[in-house]
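Engineer: What follows is protein13.cif, mmCIF, C-alpha atoms and all ligand atoms.
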```cif
data_run
#
loop_
_atom_site.label_atom_id
_atom_site.label_comp_id
_atom_site.auth_asym_id
_atom_site.auth_seq_id
_atom_site.Cartn_x
_atom_site.Cartn_y
_atom_site.Cartn_z
CA MET A 1 30.88 89.80 145.77
CA ALA A 2 30.75 93.52 146.04
CA TRP A 3 31.25 95.52 149.20
CA TYR A 4 30.22 99.17 149.47
CA PRO A 5 33.21 101.28 150.51
CA GLY A 6 30.93 103.59 152.52
CA ALA A 7 29.80 100.83 154.89
CA THR A 8 31.46 99.05 157.80
CA LYS A 9 31.90 95.41 156.81
CA TYR A 10 30.30 92.97 159.24
CA GLU A 11 30.41 89.84 157.13
CA LEU A 12 27.72 87.36 158.06
CA GLN A 13 28.76 83.72 157.95
CA PRO A 14 27.96 81.12 156.79
CA GLU A 15 25.41 83.00 154.65
CA SER A 16 27.96 85.18 152.88
CA ASP A 17 29.76 82.19 151.43
CA SER A 18 26.93 79.70 151.17
CA GLN A 19 24.06 81.59 149.55
CA PRO A 20 23.71 81.70 145.77
CA ALA A 21 24.90 84.51 143.59
CA ILE A 22 22.55 87.18 142.27
CA ARG A 23 22.84 89.87 139.67
CA PRO A 24 21.40 92.84 141.56
CA THR A 25 18.74 94.77 139.63
CA GLN A 26 16.69 96.24 142.49
CA PHE A 27 17.23 98.11 145.77
CA ILE A 28 14.52 97.62 148.39
CA MET A 29 14.33 99.64 151.63
CA HIS A 30 12.90 98.36 154.94
CA SER A 31 12.28 99.48 158.53
CA ILE A 32 13.41 96.94 161.11
CA ILE A 33 10.96 97.96 163.88
CA ALA A 34 13.76 98.46 166.41
CA PRO A 35 15.95 101.50 167.19
CA TRP A 36 19.12 99.57 166.45
CA THR A 37 22.59 100.53 165.29
CA ALA A 38 24.01 98.82 162.22
CA LYS A 39 26.18 96.67 164.49
CA ARG A 40 23.16 95.59 166.52
CA VAL A 41 21.35 94.61 163.31
CA TYR A 42 24.36 92.46 162.40
CA GLU A 43 24.29 90.77 165.81
CA TYR A 44 20.61 90.06 165.42
CA TRP A 45 21.11 88.39 162.03
CA ARG A 46 24.10 86.47 163.37
CA ASP A 47 22.62 85.27 166.67
CA SER A 48 18.85 85.19 166.43
CA THR A 49 17.68 84.20 162.97
CA ASN A 50 18.91 82.85 159.66
CA LEU A 51 17.31 85.72 157.81
CA GLU A 52 19.33 88.77 156.81
CA SER A 53 19.50 91.90 154.72
CA HIS A 54 22.52 93.13 152.80
CA PHE A 55 22.78 96.38 154.77
CA GLY A 56 21.76 97.82 158.14
CA LEU A 57 21.43 101.54 158.87
CA GLY A 58 21.26 103.14 162.34
CA TYR A 59 19.64 106.45 163.26
CA GLU A 60 23.03 108.19 163.29
CA GLY A 61 23.80 107.19 159.73
CA ASP A 62 26.01 104.28 160.78
CA LEU A 63 25.89 101.84 157.88
CA GLY A 64 26.92 98.19 157.98
CA GLN A 65 27.12 95.62 155.20
CA PHE A 66 26.58 91.94 156.04
CA ILE A 67 26.46 90.21 152.65
CA GLY A 68 28.07 91.14 149.34
CA THR A 69 25.63 92.71 146.93
CA GLU A 70 26.13 89.87 144.44
CA THR A 71 24.96 87.26 146.94
CA ARG A 72 21.34 86.56 147.85
CA ALA A 73 19.96 87.97 151.11
CA ASP A 74 16.59 86.93 152.53
CA ALA A 75 14.69 90.13 153.17
CA ASN A 76 12.44 90.42 150.13
CA TYR A 77 10.77 87.03 149.49
CA GLN A 78 10.34 86.57 145.71
CA ALA A 79 12.72 89.42 144.90
CA ASN A 80 15.64 87.77 146.73
CA ARG A 81 16.63 85.72 143.73
CA ARG A 82 14.65 85.09 140.58
CA ALA A 83 14.89 82.22 138.12
CA ASP A 84 16.94 84.39 135.78
CA GLY A 85 19.54 84.99 138.51
CA THR A 86 18.56 88.59 139.18
CA GLY A 87 17.69 89.74 142.68
CA ALA A 88 17.28 92.63 145.08
CA VAL A 89 19.71 94.40 147.38
CA SER A 90 18.05 95.11 150.72
CA ILE A 91 18.58 97.47 153.62
CA GLU A 92 17.03 97.37 157.08
CA THR A 93 16.87 100.78 158.75
CA ALA A 94 16.45 101.64 162.42
CA SER A 95 12.94 102.76 163.31
CA ASN A 96 10.74 103.10 166.36
CA LEU A 97 8.79 100.08 167.56
CA GLN A 98 5.74 101.06 165.53
CA GLY A 99 7.75 101.70 162.36
CA SER A 100 5.97 105.04 162.17
CA ASP A 101 8.82 107.55 162.40
CA PRO A 102 10.51 109.20 159.43
CA TRP A 103 14.12 108.50 158.55
CA THR A 104 16.55 110.87 160.25
CA PRO A 105 18.49 113.29 158.02
CA GLU A 106 21.56 111.08 158.54
CA GLN A 107 19.65 108.02 157.33
CA VAL A 108 18.30 109.88 154.31
CA GLU A 109 21.82 110.96 153.35
CA GLU A 110 23.21 107.42 153.61
CA LEU A 111 20.30 105.93 151.65
CA ILE A 112 20.91 108.40 148.84
CA LYS A 113 24.66 107.76 148.74
CA LEU A 114 24.17 104.00 148.77
CA GLY A 115 21.53 104.26 146.05
CA VAL A 116 23.93 106.21 143.84
CA TRP A 117 26.65 103.60 144.38
CA LEU A 118 24.26 100.76 143.50
CA HIS A 119 23.26 102.60 140.33
CA GLN A 120 26.89 103.11 139.34
CA LYS A 121 28.19 99.71 140.46
CA HIS A 122 25.38 97.47 139.27
CA GLY A 123 23.51 99.61 136.77
CA ILE A 124 20.29 99.60 138.77
CA PRO A 125 18.18 101.98 136.67
CA LEU A 126 16.98 105.30 138.07
CA ARG A 127 13.30 104.49 138.32
CA ILE A 128 10.83 103.16 140.83
CA CYS A 129 10.12 99.46 140.24
CA ARG A 130 6.93 99.27 138.18
CA THR A 131 6.38 95.59 138.90
CA TRP A 132 7.84 93.14 141.38
CA ASP A 133 10.58 92.03 139.00
CA ASP A 134 11.16 95.35 137.26
CA PRO A 135 14.69 96.72 137.78
CA GLY A 136 14.81 99.88 139.89
CA PHE A 137 14.33 101.25 143.39
CA GLY A 138 11.56 100.51 145.87
CA TYR A 139 10.45 99.96 149.45
CA HIS A 140 9.23 96.72 150.96
CA ARG A 141 5.47 97.15 150.75
CA LEU A 142 5.56 98.49 147.17
CA HIS A 143 4.92 95.05 145.64
CA GLU A 144 3.14 92.20 147.40
CA GLU A 145 5.51 89.62 145.87
CA TRP A 146 8.25 91.10 148.06
CA ALA A 147 6.66 89.87 151.33
CA VAL A 148 5.61 86.38 152.39
CA SER A 149 2.18 87.40 153.69
CA GLY A 150 1.82 91.12 153.27
CA THR A 151 3.71 93.87 155.06
CA SER A 152 3.22 97.44 156.19
CA CYS A 153 6.99 98.05 156.00
CA PRO A 154 8.04 100.80 155.90
CA GLY A 155 5.51 103.20 157.45
CA ASP A 156 3.73 106.00 155.64
CA ALA A 157 6.24 108.68 156.68
CA ARG A 158 9.08 106.79 155.02
CA VAL A 159 7.11 105.96 151.89
CA THR A 160 6.55 109.70 151.49
CA GLN A 161 10.24 110.39 152.09
CA PHE A 162 11.17 107.72 149.57
CA ARG A 163 9.04 109.33 146.87
CA GLU A 164 9.78 112.97 147.68
CA VAL A 165 13.35 113.00 149.00
CA VAL A 166 15.30 109.75 148.84
CA PHE A 167 14.57 108.54 145.31
CA PRO A 168 14.70 112.03 143.74
CA GLY A 169 17.95 112.55 145.67
CA ILE A 170 19.47 109.42 144.18
CA VAL A 171 18.43 110.51 140.69
CA ALA A 172 19.78 114.04 141.14
CA ARG A 173 23.04 112.91 142.76
CA ALA A 174 23.59 110.26 140.08
CA GLY A 175 23.35 112.98 137.46
CA GLY A 176 20.25 111.51 135.92
CA GLN A 177 17.03 113.12 134.96
CA THR A 178 14.12 112.91 137.35
CA VAL A 179 11.88 110.22 136.00
CA PRO A 180 8.40 111.69 135.90
CA ALA A 181 5.46 109.70 137.16
CA PRO A 182 3.86 107.90 134.24
CA LYS A 183 1.14 110.01 132.68
CA PRO A 184 -2.11 108.52 131.49
CA PRO A 185 -1.75 107.84 127.79
CA ALA A 186 -2.88 110.69 125.57
CA PRO A 187 -5.86 109.92 123.37
CA PRO A 188 -4.61 108.92 119.93
CA ALA A 189 -4.43 111.79 117.48
CA ARG A 190 -7.25 111.78 114.98
CA PRO A 191 -5.79 110.62 111.67
CA VAL A 192 -6.02 112.93 108.68
CA VAL A 193 -6.57 111.53 105.20
CA ASP A 194 -5.51 113.70 102.29
CA LEU A 195 -8.07 113.21 99.51
CA SER A 196 -5.79 113.99 96.60
CA ARG A 197 -3.04 111.68 97.84
CA LEU A 198 -5.61 108.97 98.47
CA VAL A 199 -7.00 109.29 94.98
CA ALA A 200 -3.48 109.23 93.50
CA ALA A 201 -2.81 106.00 95.38
CA ALA A 202 -6.14 104.53 94.20
CA ARG A 203 -5.44 105.39 90.57
CA THR A 204 -1.96 103.85 90.50
CA ASP A 205 -2.57 100.61 92.38
CA PRO A 206 -2.52 98.11 90.88
CA PRO A 207 0.30 99.78 89.00
CA ARG A 208 -0.08 100.26 85.29
CA SER A 209 3.56 101.15 85.14
CA GLY A 210 6.22 101.56 87.79
CA THR A 211 5.44 101.34 91.50
CA PRO A 212 2.14 102.37 93.03
CA VAL A 213 1.92 105.59 95.00
CA SER A 214 2.27 104.66 98.62
CA TYR A 215 0.23 106.66 101.13
CA PRO A 216 -0.46 105.82 104.82
CA GLY A 217 -3.99 107.22 104.57
CA VAL A 218 -4.90 104.18 102.46
CA ARG A 219 -4.61 102.01 105.54
CA THR A 220 -6.81 104.38 107.55
CA VAL A 221 -9.52 104.10 104.90
CA GLU A 222 -9.11 100.32 104.64
CA ASP A 223 -9.51 99.96 108.41
CA ALA A 224 -12.77 101.88 108.19
CA LEU A 225 -13.96 99.64 105.34
CA VAL A 226 -13.10 96.58 107.47
CA LYS A 227 -15.25 97.96 110.28
CA GLU A 228 -18.07 98.49 107.81
CA GLY A 229 -17.85 94.82 106.90
CA LEU A 230 -16.95 95.67 103.31
CA LEU A 231 -13.32 94.51 103.31
CA ALA A 232 -11.78 91.37 104.79
CA ARG A 233 -9.28 92.18 107.56
CA GLY A 234 -6.50 90.34 105.73
CA LEU A 235 -6.95 92.53 102.66
CA ALA A 236 -6.26 95.76 104.54
CA ASP A 237 -2.63 96.04 103.48
CA GLY A 238 -2.00 99.71 102.71
CA HIS A 239 -2.39 99.25 98.95
CA PHE A 240 -5.43 100.66 97.21
CA GLY A 241 -5.66 97.62 94.94
CA THR A 242 -8.59 95.79 93.43
CA ALA A 243 -10.04 94.53 96.73
CA THR A 244 -9.94 97.94 98.33
CA ARG A 245 -11.45 99.56 95.28
CA THR A 246 -14.26 97.00 95.21
CA ALA A 247 -14.91 97.60 98.91
CA TYR A 248 -14.93 101.36 98.45
CA ALA A 249 -17.38 101.02 95.56
CA ALA A 250 -19.67 99.08 97.91
CA TRP A 251 -19.44 101.93 100.41
CA GLN A 252 -20.41 104.39 97.67
CA ARG A 253 -23.40 102.24 96.67
CA ARG A 254 -24.40 102.08 100.31
CA LEU A 255 -24.57 105.89 100.14
CA ARG A 256 -26.83 105.49 97.09
CA TYR A 257 -24.25 106.57 94.55
CA SER A 258 -24.26 104.72 91.28
CA GLY A 259 -22.49 104.59 87.95
CA ALA A 260 -19.26 106.57 87.81
CA ASP A 261 -19.97 107.90 91.31
CA ALA A 262 -19.62 104.35 92.60
CA ASP A 263 -16.43 103.38 90.81
CA GLY A 264 -14.41 102.79 93.96
CA ILE A 265 -12.31 105.96 93.59
CA PRO A 266 -12.94 108.05 96.72
CA GLY A 267 -14.74 111.35 96.36
CA ARG A 268 -15.05 114.11 98.90
CA ALA A 269 -18.58 113.39 100.13
CA SER A 270 -18.25 109.62 100.47
CA LEU A 271 -14.87 109.93 102.21
CA ALA A 272 -16.16 112.58 104.62
CA LYS A 273 -19.01 110.30 105.62
CA LEU A 274 -16.65 107.37 106.15
CA GLY A 275 -14.33 109.56 108.24
CA ALA A 276 -17.16 110.96 110.34
CA LYS A 277 -18.19 107.43 111.19
CA HIS A 278 -14.71 106.02 111.83
CA GLY A 279 -12.72 108.84 113.37
CA PHE A 280 -10.61 110.45 110.66
CA THR A 281 -10.78 113.84 109.08
CA ILE A 282 -10.10 114.67 105.46
CA THR A 283 -8.07 117.35 103.80
CA ASP A 284 -6.94 118.06 100.29
ZN ZN B 301 10.53 95.10 155.34
#
```
Written as structure tokens, how would this file's structure read?
Structural biologist:
Amino acid sequence: MAWYPGATKYELQPESDSQPAIRPTQFIMHSIIAPWTAKRVYEYWRDSTNLESHFGLGYEGDLGQFIGTETRADANYQANRRADGTGAVSIETASNLQGSDPWTPEQVEELIKLGVWLHQKHGIPLRICRTWDDPGFGYHRLHEEWAVSGTSCPGDARVTQFREVVFPGIVARAGGQTVPAPKPPAPPARPVVDLSRLVAAARTDPPRSGTPVSYPGVRTVEDALVKEGLLARGLADGHFGTATRTAYAAWQRRLRYSGADADGIPGRASLAKLGAKHGFTITD
């Protein structure tokens, strides 16, 4: 069990002793849809329901802890405790009855400090949970697996604060780097095949003596020959051996070369045509 030194301890029984252990990997923030103090949240969990969160936070920044952070609490549905023993730490925060108001500056400050402690104490990583079971920080409605039948908790104002103030504040205060939003993947760089290195590899493999010249461009050319239907996929192995040479000769014949011009050793014109069709450029 772990108790945050910055919170008033209002231990909730029997839950605190009877619920299973978790290894906390997530921190999930909620609005409780009531303008309650931390103590009033505790009384509600104690007297009115068998649900609970780990923490409660009033408008004035009063913070209470009801369950140790290494014990399951019931605020986040499938994130409460997973089959691998990991789970989420949860906080309910005072809000208006519509859940539409922003956190007060005092609440923001306490959320940041608690987030830093959870990072340091439990190693919760400084990122926003990318999936429902991904370690990190989040808010209730971020992943549908965190609510029994959907939720609008917390409201838009607090989601914006989470992304713009609270989470960046945790990262900055914890001394970490701000984790940038994932960028769309860059288009793959167009491979470049060096003609002279390719030819050197083709002339030494299979090796007459010693080891063949190894060159990554061989694989680029082989992949193109596979797409042309001239080389079996399993024979594209990065070595310009007999199979590759036979396939390249077929490509040359397809371009109406013959004789020594179709010997399977790449030349500039045939390689340029293959590259133009299959997305690589050539150099020498
Ligand atoms: Zn919630």
Engineer: At a cut-off of 8 Å around ligand ZN 301 (chain B), and using only C-alpha atoms and all ligand atoms, what residues come up? Please write them as a list in words.
Structural biologist: Met29, His30, Ser31, Ile32, Ala75, Asn76, Glu92, Tyr139, His140, Arg141, Ala147, Thr151, Ser152, Cys153 and Pro154 of chain A
Engineer: What would the file look like if the residues just selected were written as a PDB file, keeping the file's coordinate frame with C-alpha atoms?
Structural biologist:
```pdb
ATOM      1  CA  MET A  29      14.330  99.640 151.630  1.00  0.00           C
ATOM      2  CA  HIS A  30      12.900  98.360 154.940  1.00  0.00           C
ATOM      3  CA  SER A  31      12.280  99.480 158.530  1.00  0.00           C
ATOM      4  CA  ILE A  32      13.410  96.940 161.110  1.00  0.00           C
ATOM      5  CA  ALA A  75      14.690  90.130 153.170  1.00  0.00           C
ATOM      6  CA  ASN A  76      12.440  90.420 150.130  1.00  0.00           C
ATOM      7  CA  GLU A  92      17.030  97.370 157.080  1.00  0.00           C
ATOM      8  CA  TYR A 139      10.450  99.960 149.450  1.00  0.00           C
ATOM      9  CA  HIS A 140       9.230  96.720 150.960  1.00  0.00           C
ATOM     10  CA  ARG A 141       5.470  97.150 150.750  1.00  0.00           C
ATOM     11  CA  ALA A 147       6.660  89.870 151.330  1.00  0.00           C
ATOM     12  CA  THR A 151       3.710  93.870 155.060  1.00  0.00           C
ATOM     13  CA  SER A 152       3.220  97.440 156.190  1.00  0.00           C
ATOM     14  CA  CYS A 153       6.990  98.050 156.000  1.00  0.00           C
ATOM     15  CA  PRO A 154       8.040 100.800 155.900  1.00  0.00           C
TER      16      PRO A 154
END
```
Engineer: Please report the interatomic distance between CA of Glu110 in chain A and CA of Ser18 in chain A in Å with one decimal.
Structural biologist: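 Pair CA of Glu110 in chain A / CA of Ser18 in chain A returns 28.1 Å.
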Engineer: Which neighbours of Trp36 in chain A fall inside 10 Å, counting all atoms listed in the file, when residues of the same chain fewer than 6 positions from it are skipped, and could you give them as number ranges by chain?
Structural biologist: A: 42, 44, 56-60, 92-96
Engineer: Please write the residues from the selection above to a file, keeping C-alpha atoms, as a PDB file, in the frame of the given file.
Structural biologist:
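To be explicit, this is the file written out as part.pdb:
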```pdb
ATOM      1  CA  TYR A  42      24.360  92.460 162.400  1.00  0.00           C
ATOM      2  CA  TYR A  44      20.610  90.060 165.420  1.00  0.00           C
ATOM      3  CA  GLY A  56      21.760  97.820 158.140  1.00  0.00           C
ATOM      4  CA  LEU A  57      21.430 101.540 158.870  1.00  0.00           C
ATOM      5  CA  GLY A  58      21.260 103.140 162.340  1.00  0.00           C
ATOM      6  CA  TYR A  59      19.640 106.450 163.260  1.00  0.00           C
ATOM      7  CA  GLU A  60      23.030 108.190 163.290  1.00  0.00           C
ATOM      8  CA  GLU A  92      17.030  97.370 157.080  1.00  0.00           C
ATOM      9  CA  THR A  93      16.870 100.780 158.750  1.00  0.00           C
ATOM     10  CA  ALA A  94      16.450 101.640 162.420  1.00  0.00           C
ATOM     11  CA  SER A  95      12.940 102.760 163.310  1.00  0.00           C
ATOM     12  CA  ASN A  96      10.740 103.100 166.360  1.00  0.00           C
TER      13      ASN A  96
END
```
Engineer: One decimal, in Å: what's the spacing between CA of Ile128 in chain A and CA of Gln26 in chain A?
Structural biologist: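 Straight-line distance from CA of Ile128 in chain A to CA of Gln26 in chain A works out to 9.2 Å.
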Engineer: In Å, with one decimal, what is the gap from CA of Gly115 in chain A to CA of Asn50 in chain A?
Structural biologist: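 So the two atoms, CA of Gly115 in chain A and CA of Asn50 in chain A, lie 25.5 Å apart.
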Engineer: Identify, on the basis of only C-alpha atoms, every residue whose closest approach to Thr244 in chain A does not exceed 10 Å; exclude the query and any residue fewer than 6 positions from it along the same chain; express the result as an mmCIF file with C-alpha atoms, keeping the file's coordinate frame.
Structural biologist:
```
data_model
loop_
_atom_site.group_PDB
_atom_site.id
_atom_site.type_symbol
_atom_site.label_atom_id
_atom_site.label_comp_id
_atom_site.auth_asym_id
_atom_site.auth_seq_id
_atom_site.Cartn_x
_atom_site.Cartn_y
_atom_site.Cartn_z
ATOM 1 C CA ALA A 202 -6.140 104.530 94.200
ATOM 2 C CA ASP A 205 -2.570 100.610 92.380
ATOM 3 C CA VAL A 218 -4.900 104.180 102.460
ATOM 4 C CA ARG A 219 -4.610 102.010 105.540
ATOM 5 C CA VAL A 221 -9.520 104.100 104.900
ATOM 6 C CA GLU A 222 -9.110 100.320 104.640
ATOM 7 C CA LEU A 225 -13.960 99.640 105.340
ATOM 8 C CA VAL A 226 -13.100 96.580 107.470
ATOM 9 C CA LEU A 230 -16.950 95.670 103.310
ATOM 10 C CA LEU A 231 -13.320 94.510 103.310
ATOM 11 C CA ALA A 232 -11.780 91.370 104.790
ATOM 12 C CA LEU A 235 -6.950 92.530 102.660
ATOM 13 C CA ALA A 236 -6.260 95.760 104.540
ATOM 14 C CA ASP A 237 -2.630 96.040 103.480
ATOM 15 C CA GLY A 238 -2.000 99.710 102.710
ATOM 16 C CA ALA A 250 -19.670 99.080 97.910
ATOM 17 C CA GLY A 264 -14.410 102.790 93.960
ATOM 18 C CA ILE A 265 -12.310 105.960 93.590
#
```
Engineer: Do you know which residues are at most 10 Å from Thr69 in chain A counting only C-alpha atoms, after dropping those on the same chain fewer than 2 positions away, and could you put them as a ChimeraX atom specification?
Structural biologist: /A:1-4,16,21-24,53-55,65-67,71-73,87-90,118,121-122
Engineer: Just checking: using all atoms listed in the file, which residue out of A:Val41, A:Val193, A:Val171, A:Ala260 ends up closest to Gly64 in chain A?
Structural biologist: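 For Gly64 in chain A, the nearest of the given residues is A:Val41.
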Engineer: Nearest to Lys113 in chain A among A:Ala272, A:Ala262, A:Thr281, A:Arg173, with distances taken over only C-alpha atoms: which residue is it?
Structural biologist: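 Closest to Lys113 in chain A of all the choices is A:Arg173.
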Engineer: Choose the residue, out of A:Ser196, A:Ser258, A:Ser149, A:Gln252, that has the smallest atom-to-atom separation from Glu228 in chain A; count only C-alpha atoms.
Structural biologist: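 For Glu228 in chain A, the nearest of the candidates is A:Gln252.
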Engineer: Counting all atoms listed in the file, which residues have an atom no more than 7 Å from (-6.6, 115.8, 105.1) in the file's coordinates? Please list them as a PyMOL selection string.
Structural biologist: chain A and resi 192-195+281-284
